[in-house]
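A.B. asks: Sending over a structure as structure tokens; questions will come in a sec.
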Amino acid sequence: MCGFAGFIESSTLTGADPRSVLDAMVASIEHRGPDDHGTWVDEDAGVHLGFRRLSIQDLSPMGHQPMVSASQRWIVTFNGEIYNFGELREELRKSGTTFRGGSDTEVLLAAVERWGVRETLPRLRGMFAFALWDRKERELWLARDRMGIKPLYIAAHPTGVVFGSELRALLLHPRVERRGDPRAARQFLRTLYVPAPMAIIEGVEKLRPGHVARFALTGGGGMDRSEEAWWDLDRVAHVDKRTDLSGAEAVDELHALLRDSVRLRLVADVPVGALLSGGVDSSLVVALMAEQSPTPVRTFTVRFDDPRFDEGPIAREVASILGAEHTEVELPTDVVRDLVPSLPDFSDEPMGNPSILPTLLVSQVARRDVTVALSGDGGDELFGGYNRYLRAPSLVRAVGRIPGSLSGAVAAALRGTSRLPGLDGLGKLGAAAGLGGQHRLTDRLARLAGAVDEEGAAGVYEGLMAVGLSDPPLREGLETGGFAPPRHDADRESLLAFMMREDQARYLPDDLL
């Protein structure tokens, strides 16, 4: 991964040197890019851009950032990869564009010069976030990829804007105060992550996935802001979906799309591997890699000393079948415990997903041998892989049969039961007998209480997803913070389609990716 940080400031920073502030911001994200770094400053416009690079495409100095376009009009800091940069490069070359190096960043700049920002974004296939300064129009463009794989934090104020790949960089700017946002904290206590556009720091926001923001300097020293969606998941799900394919044709087209997606991600000037759990999603990714790679795929798996969570045996079997060069990482309980205090060093915002621990460890091991690692993240949300997709419809029907006057009492009773001492011990007995899943019985009852407390299918599902505290007061003020509860239109889509779409829009980018 790479990272960038920067700001535009049209007034004087009292008691601070802007260049020193920029240097400190960039230094704070050194771990994102150990290979190279750079800064670019336009003092007259108050523009300050900084970058840390992890080299993947074009390892030469020609990939150095911030990068200036051939016309000198555009300057970019770009985090991510454009997987179809080769096709775009050839299209641009045929229309007369010449290139100095081989990086996808240079292709991005050339595309913007040729087509403009708005027309370029839909042409990009990849994961990315970038900050793009237009010297001619005196405008800053901040953009994020379709699913929000790459992060982008923004802190706008009357005389400028501060931005970066990580929240810690923004906190080094004197305009950003270290004050928590109570609404974001309440949302975290419900879902165990902070959804966009919220951020855990007051005055800071996350740019929404598939959005682009424009900041234009005005003559009076101020700044105008506009924001728009350049890609819309809802439109893709309801307007652009294909309905002319048979089942067999849909399967064939899906296979072709998945194969092509993996092929594009294998294009790199550094070693590429995969994180393998042995589940359907990661196994499919590795199979498609092996099908198209001239050498054995490097795979990495984390193992647990608790057999309920140990994916080692099945992952080893998959790797053997696919001829992968496999590495296993043991994760004893004491190692997990030792990792917990260091989690804030790896995540700017609180996150309650326990998968962060094995993902962190296996990624650290994989980094010794590869620079890029593919995974199966997102497969469950795209293809209906969660058990809750099967259980939610019957739960919605059951909740619907509870009289409205009694729902509060039923929810309160479930919450009270979930807090009974010794209940988890009973849950473990049930799990040993094959009853129940990996979640504690107290957690399952708390989720059920949250679902009963809501109205309609969308409300029930949101309550079910409230994996943290589900008490109603936690909902207060959330909509004013930019987070609107989901709404399900039964005439427009099935409950299953709604749940999968909501998970792709909220849970996937803000918790898993």
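Quick note on naming: the chains in the structure tokens go A, B, ... in the order shown, residues restart at 1 in each chain, and ligands are numbered from 1 in order of appearance.
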Can you pull out the residues contacting Pro18 in chain A? Cut-off 10 Å, using only C-alpha atoms, and skip same-chain residues under 4 positions away; I want them as a PDB file with C-alpha atoms, in the first residue's frame.

C.D. replies:
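Output below, filename result_20.pdb:
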ATOM      1  CA  PHE A   7      -3.736  20.313   2.849  1.00  0.00           C
ATOM      2  CA  ILE A   8      -4.778  23.581   1.285  1.00  0.00           C
ATOM      3  CA  GLU A   9      -4.566  26.618   3.524  1.00  0.00           C
ATOM      4  CA  THR A  12      -1.707  31.871   7.808  1.00  0.00           C
ATOM      5  CA  LEU A  13      -1.157  28.946  10.152  1.00  0.00           C
ATOM      6  CA  THR A  14      -0.516  30.695  13.455  1.00  0.00           C
ATOM      7  CA  LEU A  22       3.460  18.616   5.811  1.00  0.00           C
ATOM      8  CA  ASP A  23       6.706  16.789   6.556  1.00  0.00           C
ATOM      9  CA  ALA A  24       5.325  15.576   9.891  1.00  0.00           C
ATOM     10  CA  VAL A  41       4.167  22.739  -2.568  1.00  0.00           C
ATOM     11  CA  GLU A  43       2.992  28.476  -1.669  1.00  0.00           C
ATOM     12  CA  GLY A  46      -1.403  27.307  -0.253  1.00  0.00           C
ATOM     13  CA  VAL A  47      -1.323  23.759  -1.667  1.00  0.00           C
ATOM     14  CA  HIS A  48       0.775  21.124   0.110  1.00  0.00           C
ATOM     15  CA  HIS A 173      -2.362  19.563  11.366  1.00  0.00           C
ATOM     16  CA  PRO A 174      -3.169  22.472  13.735  1.00  0.00           C
TER      17      PRO A 174
END

A.B. asks: I'd like the contact shell of Gly220 in chain A - 12 Å cut-off, only C-alpha atoms, skipping same-chain residues fewer than 6 positions apart - returned as a PyMOL selection string.

C.D. replies: chain A and resi 10-11+158-159

A.B. asks: With DSSP run on the backbone, what are the alpha helix (DSSP H) residues within range 75-211 of chain A? I'd like them as a ChimeraX atom specification.

C.D. replies: /A:85-94,104-115,117-120,167-170,182-191

A.B. asks: Can those selected residues be exported to a file as an mmCIF file, in the first residue's frame so that it contains C-alpha atoms?

C.D. replies:
data_model
loop_
_atom_site.group_PDB
_atom_site.id
_atom_site.type_symbol
_atom_site.label_atom_id
_atom_site.label_comp_id
_atom_site.auth_asym_id
_atom_site.auth_seq_id
_atom_site.Cartn_x
_atom_site.Cartn_y
_atom_site.Cartn_z
ATOM 1 C CA PHE A 85 -3.874 0.834 -16.860
ATOM 2 C CA GLY A 86 -2.322 -1.104 -19.741
ATOM 3 C CA GLU A 87 -5.516 -0.886 -21.816
ATOM 4 C CA LEU A 88 -5.958 2.804 -20.977
ATOM 5 C CA ARG A 89 -2.318 3.473 -21.812
ATOM 6 C CA GLU A 90 -2.709 1.897 -25.237
ATOM 7 C CA GLU A 91 -5.906 3.847 -25.913
ATOM 8 C CA LEU A 92 -4.200 7.098 -24.940
ATOM 9 C CA ARG A 93 -1.076 6.280 -26.923
ATOM 10 C CA LYS A 94 -3.131 5.759 -30.081
ATOM 11 C CA ASP A 104 -0.357 3.529 -13.573
ATOM 12 C CA THR A 105 -0.077 6.959 -11.906
ATOM 13 C CA GLU A 106 1.241 8.459 -15.134
ATOM 14 C CA VAL A 107 -1.654 6.830 -17.016
ATOM 15 C CA LEU A 108 -4.106 8.387 -14.550
ATOM 16 C CA LEU A 109 -2.672 11.854 -15.167
ATOM 17 C CA ALA A 110 -2.739 11.382 -18.936
ATOM 18 C CA ALA A 111 -6.350 10.182 -18.766
ATOM 19 C CA VAL A 112 -7.390 13.249 -16.762
ATOM 20 C CA GLU A 113 -5.649 15.514 -19.262
ATOM 21 C CA ARG A 114 -7.435 13.797 -22.133
ATOM 22 C CA TRP A 115 -10.914 13.247 -20.684
ATOM 23 C CA VAL A 117 -11.806 13.983 -13.950
ATOM 24 C CA ARG A 118 -15.480 13.062 -14.228
ATOM 25 C CA GLU A 119 -15.090 11.095 -17.447
ATOM 26 C CA THR A 120 -11.899 9.374 -16.310
ATOM 27 C CA LEU A 167 -6.460 9.800 10.403
ATOM 28 C CA ARG A 168 -3.185 10.068 12.301
ATOM 29 C CA ALA A 169 -1.767 12.303 9.574
ATOM 30 C CA LEU A 170 -4.661 14.749 9.833
ATOM 31 C CA PRO A 182 -20.061 11.229 20.194
ATOM 32 C CA ARG A 183 -22.299 10.205 17.263
ATOM 33 C CA ALA A 184 -19.535 8.115 15.728
ATOM 34 C CA ALA A 185 -18.844 6.550 19.116
ATOM 35 C CA ARG A 186 -22.508 5.580 19.490
ATOM 36 C CA GLN A 187 -22.507 4.035 16.034
ATOM 37 C CA PHE A 188 -19.358 2.095 16.876
ATOM 38 C CA LEU A 189 -20.972 0.715 20.015
ATOM 39 C CA ARG A 190 -23.813 -0.604 17.832
ATOM 40 C CA THR A 191 -21.919 -2.054 14.889
#

A.B. asks: Give me, please, the distance in Å between CA of Val270 in chain A and CA of Arg368 in chain A, quoted to one decimal.

C.D. replies: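 It comes out at 12.2 Å.
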
A.B. asks: Give the strand (DSSP E) residues of range 88-334 of chain A, as assigned by DSSP on the backbone, as a ChimeraX atom specification.

C.D. replies: /A:126-134,139-144,153-157,160-164,205-206,211-217,223-229,272-275,298-304,325-331

A.B. asks: Give me the residues within 8 Å of Gln65 in chain A as a PyMOL selection string, counting only C-alpha atoms and dropping any in the same chain fewer than 2 places off.

C.D. replies: chain A and resi 37-39+50-53+63+67+76-78

A.B. asks: Could the residues in this selection be saved with C-alpha atoms as a PDB file, in the first residue's frame?

C.D. replies:
ATOM      1  CA  HIS A  37       8.597   9.671  -0.508  1.00  0.00           C
ATOM      2  CA  GLY A  38       8.125  13.168  -1.833  1.00  0.00           C
ATOM      3  CA  THR A  39       6.360  16.491  -1.376  1.00  0.00           C
ATOM      4  CA  GLY A  50       2.960  14.653   0.343  1.00  0.00           C
ATOM      5  CA  PHE A  51       3.368  10.961  -0.494  1.00  0.00           C
ATOM      6  CA  ARG A  52       4.853   7.676   0.752  1.00  0.00           C
ATOM      7  CA  ARG A  53       5.381   4.964  -1.869  1.00  0.00           C
ATOM      8  CA  GLY A  63       6.968   6.428 -10.603  1.00  0.00           C
ATOM      9  CA  MET A  67       3.659  13.410  -9.983  1.00  0.00           C
ATOM     10  CA  VAL A  76      -1.445  13.985  -8.184  1.00  0.00           C
ATOM     11  CA  THR A  77      -0.846  11.845  -5.119  1.00  0.00           C
ATOM     12  CA  PHE A  78      -2.328   8.432  -5.823  1.00  0.00           C
TER      13      PHE A  78
END

A.B. asks: Just the number, please: distance in Å from CA of Ser282 in chain A to CA of Ser375 in chain A, one decimal.

C.D. replies: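 Computed distance, CA of Ser282 in chain A to CA of Ser375 in chain A, equals 5.6 Å.
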
A.B. asks: Would you pick out the contacts of range 299-308 of chain A at 6 Å or less, using only C-alpha atoms, so that residues sharing its chain but fewer than 5 positions from it are not included, and give the list as number ranges by chain?

C.D. replies: A: 273-277, 326-332, 362

A.B. asks: Residues of the last selection are to be written out with N, CA and C atoms, as a compact mmCIF listing (two decimals), in the first residue's frame.

C.D. replies:
# COMPACT_ATOMS: atom_id res chain seq x y z
N GLY A 273 1.08 -12.93 -3.99
CA GLY A 273 0.63 -14.16 -3.35
C GLY A 273 -0.84 -14.05 -2.99
N ALA A 274 -1.28 -14.91 -2.05
CA ALA A 274 -2.69 -14.92 -1.65
C ALA A 274 -2.82 -15.36 -0.21
N LEU A 275 -3.80 -14.79 0.49
CA LEU A 275 -4.18 -15.23 1.83
C LEU A 275 -5.26 -16.29 1.66
N LEU A 276 -4.98 -17.52 2.11
CA LEU A 276 -5.85 -18.66 1.86
C LEU A 276 -6.44 -19.19 3.16
N SER A 277 -7.78 -19.18 3.25
CA SER A 277 -8.45 -19.72 4.43
C SER A 277 -8.95 -21.14 4.20
N HIS A 326 2.92 -23.28 -0.05
CA HIS A 326 2.06 -22.90 1.08
C HIS A 326 2.86 -22.62 2.34
N THR A 327 2.46 -21.59 3.09
CA THR A 327 3.06 -21.23 4.37
C THR A 327 1.96 -21.13 5.42
N GLU A 328 2.15 -21.78 6.56
CA GLU A 328 1.20 -21.71 7.66
C GLU A 328 1.79 -20.91 8.81
N VAL A 329 0.92 -20.13 9.47
CA VAL A 329 1.33 -19.31 10.60
C VAL A 329 0.55 -19.76 11.83
N GLU A 330 1.26 -20.20 12.87
CA GLU A 330 0.60 -20.59 14.11
C GLU A 330 0.23 -19.34 14.90
N LEU A 331 -0.98 -19.34 15.48
CA LEU A 331 -1.44 -18.20 16.26
C LEU A 331 -1.93 -18.70 17.62
N PRO A 332 -0.99 -18.96 18.56
CA PRO A 332 -1.38 -19.38 19.90
C PRO A 332 -2.12 -18.26 20.63
N VAL A 362 -0.96 -12.84 9.64
CA VAL A 362 -0.67 -13.53 8.39
C VAL A 362 -0.13 -12.56 7.35

A.B. asks: Which residues come within 8 Å of Trp231 in chain A, counting only C-alpha atoms, excluding same-chain residues fewer than 5 positions away, as a list in words?

C.D. replies: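 Selected residues are Pro122, Arg146, Gly210 and His211 of chain A.
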
A.B. asks: Kindly export the residues of the current selection with C-alpha atoms, as a short mmCIF file (atom, residue, chain, number, x, y, z; two decimals), in the first residue's frame.

C.D. replies:
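Heads up, here's the output in part.cif:
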data_model
loop_
_atom_site.label_atom_id
_atom_site.label_comp_id
_atom_site.auth_asym_id
_atom_site.auth_seq_id
_atom_site.Cartn_x
_atom_site.Cartn_y
_atom_site.Cartn_z
CA PRO A 122 -15.72 5.43 -14.59
CA ARG A 146 -16.15 2.15 -6.03
CA GLY A 210 -17.58 5.87 -5.23
CA HIS A 211 -17.59 9.60 -4.50
#

A.B. asks: Please provide as a ChimeraX atom specification all residues within 7 Å of range 125-127 of chain A, with the sequence filter that same-chain residues fewer than 4 positions apart are discarded (counting only C-alpha atoms).

C.D. replies: /A:80-84,145,149-150

A.B. asks: Save the residues we just selected, C-alpha atoms, as a PDB file, in the first residue's frame?

C.D. replies:
ATOM      1  CA  GLY A  80      -3.789   2.123  -5.012  1.00  0.00           C
ATOM      2  CA  GLU A  81      -3.674   0.327  -8.326  1.00  0.00           C
ATOM      3  CA  ILE A  82      -5.415   0.819 -11.669  1.00  0.00           C
ATOM      4  CA  TYR A  83      -5.627  -2.720 -12.963  1.00  0.00           C
ATOM      5  CA  ASN A  84      -6.588  -1.799 -16.515  1.00  0.00           C
ATOM      6  CA  ASP A 145     -12.796   3.847  -5.548  1.00  0.00           C
ATOM      7  CA  ILE A 149     -11.056  -0.280  -0.529  1.00  0.00           C
ATOM      8  CA  LYS A 150      -8.619   2.596  -0.181  1.00  0.00           C
TER       9      LYS A 150
END
